[in-house]
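Chemist: structure-v6.pdb (PDB, C-alpha atoms) pasted underneath:
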ATOM      1  CA  MET A1037      51.246  10.764   6.950  1.00  0.00           C
ATOM      2  CA  SER A1038      53.141   7.754   5.648  1.00  0.00           C
ATOM      3  CA  GLY A1039      51.492   5.561   8.295  1.00  0.00           C
ATOM      4  CA  LYS A1040      48.077   6.328   6.834  1.00  0.00           C
ATOM      5  CA  ARG A1041      49.325   5.538   3.338  1.00  0.00           C
ATOM      6  CA  GLN A1042      50.760   2.238   4.492  1.00  0.00           C
ATOM      7  CA  LYS A1043      47.496   1.298   6.224  1.00  0.00           C
ATOM      8  CA  ARG A1044      45.527   2.136   3.083  1.00  0.00           C
ATOM      9  CA  LYS A1045      47.929   0.172   0.911  1.00  0.00           C
ATOM     10  CA  LYS A1046      47.747  -2.826   3.241  1.00  0.00           C
ATOM     11  CA  LEU A1047      43.928  -2.667   3.314  1.00  0.00           C
ATOM     12  CA  LYS A1048      43.827  -2.483  -0.481  1.00  0.00           C
ATOM     13  CA  GLU A1049      46.126  -5.492  -0.746  1.00  0.00           C
ATOM     14  CA  ASN A1050      43.941  -7.465   1.705  1.00  0.00           C
ATOM     15  CA  LEU A1051      40.796  -6.603  -0.240  1.00  0.00           C
ATOM     16  CA  PHE A1052      42.196  -7.758  -3.566  1.00  0.00           C
ATOM     17  CA  ASN A1053      44.440 -10.667  -2.528  1.00  0.00           C
ATOM     18  CA  LYS A1054      43.097 -13.936  -3.873  1.00  0.00           C
ATOM     19  CA  ARG A1055      42.170 -16.612  -1.416  1.00  0.00           C
ATOM     20  CA  ARG A1056      40.895 -20.110  -1.990  1.00  0.00           C
ATOM     21  CA  LEU A1057      37.811 -21.608  -0.369  1.00  0.00           C
ATOM     22  CA  ILE A1058      38.061 -25.387  -0.352  1.00  0.00           C
ATOM     23  CA  ILE A1059      35.462 -27.846   0.879  1.00  0.00           C
ATOM     24  CA  LEU A1060      36.876 -31.287   1.687  1.00  0.00           C
ATOM     25  CA  ASN A1061      35.314 -34.631   2.459  1.00  0.00           C
ATOM     26  CA  GLU A1062      36.435 -35.232   6.033  1.00  0.00           C
ATOM     27  CA  ASP A1063      36.728 -39.001   5.729  1.00  0.00           C
ATOM     28  CA  THR A1064      38.733 -39.167   2.500  1.00  0.00           C
ATOM     29  CA  PHE A1065      40.181 -35.643   2.413  1.00  0.00           C
ATOM     30  CA  GLU A1066      38.947 -35.495  -1.178  1.00  0.00           C
ATOM     31  CA  GLU A1067      38.368 -31.963  -2.494  1.00  0.00           C
ATOM     32  CA  THR A1068      34.613 -31.561  -3.044  1.00  0.00           C
ATOM     33  CA  PHE A1069      34.467 -27.898  -3.987  1.00  0.00           C
ATOM     34  CA  SER A1070      37.029 -25.168  -4.614  1.00  0.00           C
ATOM     35  CA  LEU A1071      36.560 -21.440  -5.248  1.00  0.00           C
ATOM     36  CA  LYS A1072      38.980 -18.524  -5.637  1.00  0.00           C
ATOM     37  CA  LEU A1073      37.755 -15.398  -3.828  1.00  0.00           C
ATOM     38  CA  THR A1074      38.887 -11.954  -2.764  1.00  0.00           C
ATOM     39  CA  LEU A1075      37.489 -10.039   0.204  1.00  0.00           C
ATOM     40  CA  MET A1076      36.109  -7.450  -2.213  1.00  0.00           C
ATOM     41  CA  ASN A1077      34.179 -10.143  -4.119  1.00  0.00           C
ATOM     42  CA  VAL A1078      32.691 -11.436  -0.867  1.00  0.00           C
ATOM     43  CA  PHE A1079      31.764  -7.913   0.245  1.00  0.00           C
ATOM     44  CA  VAL A1080      30.088  -7.113  -3.103  1.00  0.00           C
ATOM     45  CA  PHE A1081      28.235 -10.447  -3.116  1.00  0.00           C
ATOM     46  CA  VAL A1082      26.921  -9.984   0.441  1.00  0.00           C
ATOM     47  CA  THR A1083      25.877  -6.376  -0.251  1.00  0.00           C
ATOM     48  CA  LEU A1084      24.057  -7.233  -3.485  1.00  0.00           C
ATOM     49  CA  SER A1085      22.315 -10.244  -1.969  1.00  0.00           C
ATOM     50  CA  THR A1086      21.163  -8.134   0.991  1.00  0.00           C
ATOM     51  CA  ILE A1087      19.758  -5.452  -1.329  1.00  0.00           C
ATOM     52  CA  ILE A1088      17.983  -8.080  -3.439  1.00  0.00           C
ATOM     53  CA  ILE A1089      16.459  -9.778  -0.384  1.00  0.00           C
ATOM     54  CA  ILE A1090      15.208  -6.450   0.996  1.00  0.00           C
ATOM     55  CA  THR A1091      13.741  -5.452  -2.381  1.00  0.00           C
ATOM     56  CA  VAL A1092      12.002  -8.784  -2.924  1.00  0.00           C
ATOM     57  CA  THR A1093      10.579  -8.746   0.608  1.00  0.00           C
ATOM     58  CA  THR A1094       9.304  -5.188   0.144  1.00  0.00           C
ATOM     59  CA  PHE A1095       7.587  -6.064  -3.130  1.00  0.00           C
ATOM     60  CA  ILE A1096       6.041  -9.204  -1.666  1.00  0.00           C
ATOM     61  CA  ILE A1097       4.619  -7.261   1.261  1.00  0.00           C
ATOM     62  CA  ALA A1098       3.498  -4.278  -0.827  1.00  0.00           C
ATOM     63  CA  PHE A1099       1.791  -6.075  -3.703  1.00  0.00           C
ATOM     64  CA  THR A1100       0.327  -9.222  -2.153  1.00  0.00           C
ATOM     65  CA  PRO A1101      -2.327  -9.830   0.496  1.00  0.00           C
ATOM     66  CA  LEU A1102       0.440 -10.467   3.049  1.00  0.00           C
ATOM     67  CA  ARG A1103       0.319  -6.778   3.991  1.00  0.00           C
ATOM     68  CA  GLU A1104      -2.998  -7.443   5.743  1.00  0.00           C
ATOM     69  CA  PHE A1105      -1.113  -9.371   8.438  1.00  0.00           C
ATOM     70  CA  ILE A1106       1.001  -6.321   9.319  1.00  0.00           C
ATOM     71  CA  PRO A1107      -0.566  -4.252  12.124  1.00  0.00           C
ATOM     72  CA  GLY A1108      -1.964  -0.989  10.801  1.00  0.00           C
ATOM     73  CA  TYR A1109      -2.813  -2.258   7.319  1.00  0.00           C
ATOM     74  CA  SER A1110      -6.306  -3.401   6.462  1.00  0.00           C
ATOM     75  CA  SER A1111      -7.765  -4.908   3.340  1.00  0.00           C
ATOM     76  CA  SER A1112      -9.468  -2.689   0.789  1.00  0.00           C
ATOM     77  CA  LYS A1113     -12.595  -4.851   1.040  1.00  0.00           C
ATOM     78  CA  LEU A1114     -12.731  -4.230   4.782  1.00  0.00           C
ATOM     79  CA  LYS A1115     -12.419  -0.461   4.266  1.00  0.00           C
ATOM     80  CA  LYS A1116     -15.161  -0.502   1.615  1.00  0.00           C
ATOM     81  CA  ASP A1117     -17.474  -2.539   3.862  1.00  0.00           C
ATOM     82  CA  ALA A1118     -16.837  -0.218   6.822  1.00  0.00           C
ATOM     83  CA  THR A1119     -17.709   2.838   4.701  1.00  0.00           C
ATOM     84  CA  GLN A1120     -20.921   1.247   3.443  1.00  0.00           C
ATOM     85  CA  LEU A1121     -21.918   0.223   6.970  1.00  0.00           C
ATOM     86  CA  ALA A1122     -21.268   3.731   8.282  1.00  0.00           C
ATOM     87  CA  LEU A1123     -23.521   5.186   5.567  1.00  0.00           C
ATOM     88  CA  LYS A1124     -26.247   2.635   6.343  1.00  0.00           C
ATOM     89  CA  ALA A1125     -26.038   3.370  10.058  1.00  0.00           C
ATOM     90  CA  ASP A1126     -26.357   7.102   9.393  1.00  0.00           C
ATOM     91  CA  SER A1127     -29.412   6.660   7.152  1.00  0.00           C
ATOM     92  CA  LEU A1128     -30.996   4.237   9.640  1.00  0.00           C
ATOM     93  CA  SER A1129     -30.542   6.662  12.536  1.00  0.00           C
ATOM     94  CA  PHE A1130     -32.158   9.424  10.443  1.00  0.00           C
ATOM     95  CA  ALA A1131     -35.092   7.129   9.576  1.00  0.00           C
ATOM     96  CA  LEU A1132     -35.399   6.162  13.257  1.00  0.00           C
ATOM     97  CA  LYS A1133     -35.651   9.831  14.285  1.00  0.00           C
ATOM     98  CA  LYS A1134     -38.409  10.384  11.727  1.00  0.00           C
ATOM     99  CA  ASN A1135     -40.327   7.324  12.909  1.00  0.00           C
ATOM    100  CA  GLU A1136     -40.015   8.337  16.575  1.00  0.00           C
ATOM    101  CA  ALA A1137     -41.354  11.817  15.820  1.00  0.00           C
ATOM    102  CA  TYR A1138     -44.212  10.313  13.847  1.00  0.00           C
ATOM    103  CA  ILE A1139     -45.104   7.872  16.636  1.00  0.00           C
ATOM    104  CA  LYS A1140     -44.980  10.641  19.285  1.00  0.00           C
ATOM    105  CA  SER A1141     -47.338  12.796  17.242  1.00  0.00           C
ATOM    106  CA  ILE A1142     -49.724   9.855  16.775  1.00  0.00           C
ATOM    107  CA  GLN A1143     -49.649   9.284  20.547  1.00  0.00           C
ATOM    108  CA  LYS A1144     -50.566  12.955  21.057  1.00  0.00           C
ATOM    109  CA  VAL A1145     -53.527  12.562  18.738  1.00  0.00           C
ATOM    110  CA  LEU A1146     -54.682   9.359  20.453  1.00  0.00           C
ATOM    111  CA  THR A1147     -54.412  10.823  23.939  1.00  0.00           C
ATOM    112  CA  GLY A1148     -56.217  13.980  22.828  1.00  0.00           C
ATOM    113  CA  GLU A1149     -53.358  16.409  23.392  1.00  0.00           C
ATOM    114  CA  LEU A1150     -53.436  17.447  19.725  1.00  0.00           C
ATOM    115  CA  GLU A1151     -56.407  18.080  17.523  1.00  0.00           C
ATOM    116  CA  TYR A1152     -56.802  15.803  14.531  1.00  0.00           C
ATOM    117  CA  ALA A1153     -57.146  18.753  12.166  1.00  0.00           C
ATOM    118  CA  LYS A1154     -53.633  19.989  13.075  1.00  0.00           C
ATOM    119  CA  PHE A1155     -52.068  16.561  12.505  1.00  0.00           C
ATOM    120  CA  ASN A1156     -50.034  16.494   9.276  1.00  0.00           C
ATOM    121  CA  LYS A1157     -47.371  13.890   8.475  1.00  0.00           C
ATOM    122  CA  ASP A1158     -45.303  16.292   6.361  1.00  0.00           C
ATOM    123  CA  SER A1159     -45.075  18.881   9.118  1.00  0.00           C
ATOM    124  CA  ILE A1160     -43.908  16.211  11.566  1.00  0.00           C
ATOM    125  CA  LEU A1161     -41.218  14.974   9.199  1.00  0.00           C
ATOM    126  CA  ALA A1162     -40.103  18.523   8.438  1.00  0.00           C
ATOM    127  CA  ALA A1163     -39.705  19.151  12.176  1.00  0.00           C
ATOM    128  CA  THR A1164     -37.202  16.296  12.471  1.00  0.00           C
ATOM    129  CA  GLU A1165     -34.883  17.682   9.801  1.00  0.00           C
ATOM    130  CA  GLU A1166     -31.894  19.381  11.318  1.00  0.00           C
ATOM    131  CA  VAL A1167     -31.025  22.805   9.919  1.00  0.00           C
ATOM    132  CA  PRO A1168     -27.392  23.805  10.463  1.00  0.00           C
ATOM    133  CA  SER A1169     -26.974  26.930  12.534  1.00  0.00           C
ATOM    134  CA  PRO A1170     -25.379  29.928  10.787  1.00  0.00           C
ATOM    135  CA  VAL A1171     -21.717  30.486  11.562  1.00  0.00           C
ATOM    136  CA  ASN A1172     -20.091  33.896  11.778  1.00  0.00           C
ATOM    137  CA  LEU A1173     -17.092  33.799   9.431  1.00  0.00           C
ATOM    138  CA  ALA A1174     -16.114  37.468   9.794  1.00  0.00           C
ATOM    139  CA  ALA A1175     -12.563  38.147  10.905  1.00  0.00           C
ATOM    140  CA  SER A1176     -12.061  39.351  14.467  1.00  0.00           C
ATOM    141  CA  LYS A1177     -10.239  42.533  15.424  1.00  0.00           C
ATOM    142  CA  LYS A1178      -7.096  40.637  16.516  1.00  0.00           C
ATOM    143  CA  GLU A1179      -7.035  38.681  13.266  1.00  0.00           C
ATOM    144  CA  MET A1180      -7.241  41.880  11.198  1.00  0.00           C
ATOM    145  CA  GLU A1181      -4.335  43.376  13.196  1.00  0.00           C
ATOM    146  CA  LEU A1182      -2.268  40.220  12.613  1.00  0.00           C
ATOM    147  CA  ARG A1183      -2.998  40.335   8.873  1.00  0.00           C
ATOM    148  CA  GLU A1184      -1.853  43.972   8.702  1.00  0.00           C
ATOM    149  CA  GLN A1185       1.334  43.135  10.630  1.00  0.00           C
ATOM    150  CA  VAL A1186       2.165  40.223   8.325  1.00  0.00           C
ATOM    151  CA  ALA A1187       1.531  42.349   5.236  1.00  0.00           C
ATOM    152  CA  LYS A1188       3.931  45.029   6.547  1.00  0.00           C
ATOM    153  CA  GLU A1189       6.628  42.418   7.256  1.00  0.00           C
ATOM    154  CA  GLU A1190       6.250  40.966   3.763  1.00  0.00           C
ATOM    155  CA  LYS A1191       6.626  44.422   2.203  1.00  0.00           C
ATOM    156  CA  GLU A1192       9.778  45.026   4.263  1.00  0.00           C
ATOM    157  CA  THR A1193      11.365  41.722   3.231  1.00  0.00           C
ATOM    158  CA  ILE A1194      10.536  42.328  -0.450  1.00  0.00           C
ATOM    159  CA  SER A1195      12.053  45.816  -0.308  1.00  0.00           C
ATOM    160  CA  LYS A1196      15.215  44.418   1.380  1.00  0.00           C
ATOM    161  CA  LYS A1197      15.604  41.706  -1.272  1.00  0.00           C
ATOM    162  CA  SER A1198      15.249  44.164  -4.141  1.00  0.00           C
ATOM    163  CA  LYS A1199      18.070  46.404  -2.812  1.00  0.00           C
TER     164      LYS A1199
END
What does the file become when written as structure tokens?

Modeler:
Amino acid sequence: MSGKRQKRKKLKENLFNKRRLIILNEDTFEETFSLKLTLMNVFVFVTLSTIIIITVTTFIIAFTPLREFIPGYSSSKLKKDATQLALKADSLSFALKKNEAYIKSIQKVLTGELEYAKFNKDSILAATEEVPSPVNLAASKKEMELREQVAKEEKETISKKSK
């Protein structure tokens, strides 16, 4: 027990003992710079400077265009351009489908496979529109059983908490 106290006391003395840092001119042994320090002062200075450097670096990366050089980050202009290009590509592919259907129907008329009286541009364009298929959203038998089981468990836990 006393050994631990002595070690702590010795550590405390070492942290707060004053030491002198002297910088000398090697040729003339003239004192150029002198500073009184303790180990605690050095520790606090190093810790604070490390925290400041990390904070400044984080802010520089977060709020300047430097973040674009980090893998995984992209510029907001690039994201905006990519979104606009994706929308253009989608609309162009839809227009291409309409034009292909129109050209195929014109080819049918020219080759005589389709009568001219039945040829209508609006009906051709309406045929190219994709109608989403209906989806059955009703719960299955297993899902209903699971819901009932969960409801029973919740009632049991509420009744146990209230007792």

Chemist: Could you tell me how far CA of Arg1055 (chain A) lies from CA of Leu1075 (chain A), in Å and to one decimal?

Modeler: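 CA of Arg1055 (chain A) sits 8.2 Å away from CA of Leu1075 (chain A).
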
Chemist: If we count only C-alpha atoms, what is near Asn1077 (chain A) at a cut-off of 12 Å, once residues fewer than 6 positions away on the same chain are taken out, given as a PyMOL selection string?

Modeler: chain A and resi 1050-1055+1071+1083-1084

Chemist: Quote the spacing between CA of Leu1123 (chain A) and CA of Thr1100 (chain A) in Å to one decimal place.

Modeler: 28.9 Å

Chemist: Mind pulling up the distance from CA of Ala1137 (chain A) to CA of Glu1149 (chain A)?

Modeler: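 Straight-line distance from CA of Glu1149 (chain A) to CA of Ala1137 (chain A) works out to 14.9 Å.
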
Chemist: Export region 1098-1109 of chain A from the structure block above, keeping all heavy atoms, as a PDB file, in the first residue's frame.

Modeler:
ATOM      1  N   ALA A1098     -13.342  19.150 -44.448  1.00  0.00           N
ATOM      2  CA  ALA A1098     -14.802  19.140 -44.510  1.00  0.00           C
ATOM      3  C   ALA A1098     -15.381  20.321 -45.273  1.00  0.00           C
ATOM      4  O   ALA A1098     -16.409  20.179 -45.947  1.00  0.00           O
ATOM      5  CB  ALA A1098     -15.371  19.107 -43.096  1.00  0.00           C
ATOM      6  N   PHE A1099     -14.770  21.485 -45.189  1.00  0.00           N
ATOM      7  CA  PHE A1099     -15.388  22.687 -45.731  1.00  0.00           C
ATOM      8  C   PHE A1099     -14.658  23.301 -46.921  1.00  0.00           C
ATOM      9  O   PHE A1099     -14.941  24.435 -47.301  1.00  0.00           O
ATOM     10  CB  PHE A1099     -15.537  23.731 -44.626  1.00  0.00           C
ATOM     11  CG  PHE A1099     -16.433  23.265 -43.516  1.00  0.00           C
ATOM     12  CD1 PHE A1099     -15.919  23.042 -42.254  1.00  0.00           C
ATOM     13  CD2 PHE A1099     -17.774  23.034 -43.740  1.00  0.00           C
ATOM     14  CE1 PHE A1099     -16.734  22.605 -41.225  1.00  0.00           C
ATOM     15  CE2 PHE A1099     -18.593  22.596 -42.717  1.00  0.00           C
ATOM     16  CZ  PHE A1099     -18.083  22.384 -41.458  1.00  0.00           C
ATOM     17  N   THR A1100     -13.735  22.603 -47.506  1.00  0.00           N
ATOM     18  CA  THR A1100     -13.047  23.095 -48.697  1.00  0.00           C
ATOM     19  C   THR A1100     -13.122  22.026 -49.786  1.00  0.00           C
ATOM     20  O   THR A1100     -13.469  20.874 -49.509  1.00  0.00           O
ATOM     21  CB  THR A1100     -11.561  23.409 -48.402  1.00  0.00           C
ATOM     22  OG1 THR A1100     -10.899  22.206 -48.022  1.00  0.00           O
ATOM     23  CG2 THR A1100     -11.421  24.456 -47.308  1.00  0.00           C
ATOM     24  N   PRO A1101     -12.784  22.384 -51.012  1.00  0.00           N
ATOM     25  CA  PRO A1101     -12.820  21.403 -52.090  1.00  0.00           C
ATOM     26  C   PRO A1101     -11.770  20.291 -51.969  1.00  0.00           C
ATOM     27  O   PRO A1101     -11.731  19.396 -52.806  1.00  0.00           O
ATOM     28  CB  PRO A1101     -12.553  22.241 -53.344  1.00  0.00           C
ATOM     29  CG  PRO A1101     -12.924  23.627 -52.989  1.00  0.00           C
ATOM     30  CD  PRO A1101     -12.647  23.752 -51.525  1.00  0.00           C
ATOM     31  N   LEU A1102     -10.950  20.323 -50.949  1.00  0.00           N
ATOM     32  CA  LEU A1102      -9.955  19.252 -50.769  1.00  0.00           C
ATOM     33  C   LEU A1102     -10.608  17.888 -50.558  1.00  0.00           C
ATOM     34  O   LEU A1102      -9.999  16.856 -50.833  1.00  0.00           O
ATOM     35  CB  LEU A1102      -9.053  19.564 -49.572  1.00  0.00           C
ATOM     36  CG  LEU A1102      -7.971  20.601 -49.792  1.00  0.00           C
ATOM     37  CD1 LEU A1102      -7.223  20.854 -48.484  1.00  0.00           C
ATOM     38  CD2 LEU A1102      -6.999  20.151 -50.853  1.00  0.00           C
ATOM     39  N   ARG A1103     -11.838  17.878 -50.052  1.00  0.00           N
ATOM     40  CA  ARG A1103     -12.500  16.596 -49.783  1.00  0.00           C
ATOM     41  C   ARG A1103     -12.737  15.800 -51.059  1.00  0.00           C
ATOM     42  O   ARG A1103     -12.940  14.596 -51.008  1.00  0.00           O
ATOM     43  CB  ARG A1103     -13.801  16.807 -49.030  1.00  0.00           C
ATOM     44  CG  ARG A1103     -14.890  17.451 -49.841  1.00  0.00           C
ATOM     45  CD  ARG A1103     -16.203  17.477 -49.067  1.00  0.00           C
ATOM     46  NE  ARG A1103     -17.171  18.292 -49.755  1.00  0.00           N
ATOM     47  CZ  ARG A1103     -17.433  19.553 -49.475  1.00  0.00           C
ATOM     48  NH1 ARG A1103     -16.800  20.141 -48.494  1.00  0.00           N
ATOM     49  NH2 ARG A1103     -18.323  20.216 -50.149  1.00  0.00           N
ATOM     50  N   GLU A1104     -12.713  16.470 -52.214  1.00  0.00           N
ATOM     51  CA  GLU A1104     -12.912  15.768 -53.479  1.00  0.00           C
ATOM     52  C   GLU A1104     -11.737  14.846 -53.807  1.00  0.00           C
ATOM     53  O   GLU A1104     -11.881  13.925 -54.603  1.00  0.00           O
ATOM     54  CB  GLU A1104     -13.116  16.773 -54.607  1.00  0.00           C
ATOM     55  CG  GLU A1104     -14.376  17.588 -54.450  1.00  0.00           C
ATOM     56  CD  GLU A1104     -14.486  18.703 -55.460  1.00  0.00           C
ATOM     57  OE1 GLU A1104     -13.734  18.673 -56.454  1.00  0.00           O
ATOM     58  OE2 GLU A1104     -15.317  19.589 -55.247  1.00  0.00           O
ATOM     59  N   PHE A1105     -10.588  15.075 -53.198  1.00  0.00           N
ATOM     60  CA  PHE A1105      -9.420  14.238 -53.457  1.00  0.00           C
ATOM     61  C   PHE A1105      -9.408  12.983 -52.592  1.00  0.00           C
ATOM     62  O   PHE A1105      -8.587  12.098 -52.794  1.00  0.00           O
ATOM     63  CB  PHE A1105      -8.137  15.037 -53.237  1.00  0.00           C
ATOM     64  CG  PHE A1105      -7.962  16.143 -54.235  1.00  0.00           C
ATOM     65  CD1 PHE A1105      -8.093  17.461 -53.843  1.00  0.00           C
ATOM     66  CD2 PHE A1105      -7.699  15.858 -55.563  1.00  0.00           C
ATOM     67  CE1 PHE A1105      -7.948  18.486 -54.752  1.00  0.00           C
ATOM     68  CE2 PHE A1105      -7.550  16.871 -56.484  1.00  0.00           C
ATOM     69  CZ  PHE A1105      -7.677  18.196 -56.084  1.00  0.00           C
ATOM     70  N   ILE A1106     -10.302  12.909 -51.615  1.00  0.00           N
ATOM     71  CA  ILE A1106     -10.400  11.728 -50.757  1.00  0.00           C
ATOM     72  C   ILE A1106     -11.271  10.703 -51.472  1.00  0.00           C
ATOM     73  O   ILE A1106     -12.359  11.037 -51.943  1.00  0.00           O
ATOM     74  CB  ILE A1106     -11.004  12.094 -49.387  1.00  0.00           C
ATOM     75  CG1 ILE A1106     -10.095  13.082 -48.668  1.00  0.00           C
ATOM     76  CG2 ILE A1106     -11.222  10.853 -48.540  1.00  0.00           C
ATOM     77  CD1 ILE A1106     -10.680  13.619 -47.389  1.00  0.00           C
ATOM     78  N   PRO A1107     -10.841   9.462 -51.573  1.00  0.00           N
ATOM     79  CA  PRO A1107     -11.655   8.439 -52.246  1.00  0.00           C
ATOM     80  C   PRO A1107     -13.006   8.277 -51.551  1.00  0.00           C
ATOM     81  O   PRO A1107     -13.087   8.236 -50.328  1.00  0.00           O
ATOM     82  CB  PRO A1107     -10.821   7.161 -52.117  1.00  0.00           C
ATOM     83  CG  PRO A1107      -9.433   7.638 -51.864  1.00  0.00           C
ATOM     84  CD  PRO A1107      -9.553   8.949 -51.146  1.00  0.00           C
ATOM     85  N   GLY A1108     -14.058   8.228 -52.339  1.00  0.00           N
ATOM     86  CA  GLY A1108     -15.398   8.070 -51.788  1.00  0.00           C
ATOM     87  C   GLY A1108     -16.189   9.355 -51.787  1.00  0.00           C
ATOM     88  O   GLY A1108     -17.415   9.327 -51.747  1.00  0.00           O
ATOM     89  N   TYR A1109     -15.525  10.497 -51.808  1.00  0.00           N
ATOM     90  CA  TYR A1109     -16.215  11.782 -51.868  1.00  0.00           C
ATOM     91  C   TYR A1109     -16.217  12.259 -53.310  1.00  0.00           C
ATOM     92  O   TYR A1109     -15.247  12.095 -54.027  1.00  0.00           O
ATOM     93  CB  TYR A1109     -15.514  12.837 -51.010  1.00  0.00           C
ATOM     94  CG  TYR A1109     -15.729  12.670 -49.536  1.00  0.00           C
ATOM     95  CD1 TYR A1109     -14.777  12.067 -48.736  1.00  0.00           C
ATOM     96  CD2 TYR A1109     -16.889  13.130 -48.939  1.00  0.00           C
ATOM     97  CE1 TYR A1109     -14.967  11.910 -47.384  1.00  0.00           C
ATOM     98  CE2 TYR A1109     -17.086  12.980 -47.585  1.00  0.00           C
ATOM     99  CZ  TYR A1109     -16.122  12.373 -46.812  1.00  0.00           C
ATOM    100  OH  TYR A1109     -16.321  12.232 -45.476  1.00  0.00           O
TER     101      TYR A1109
END
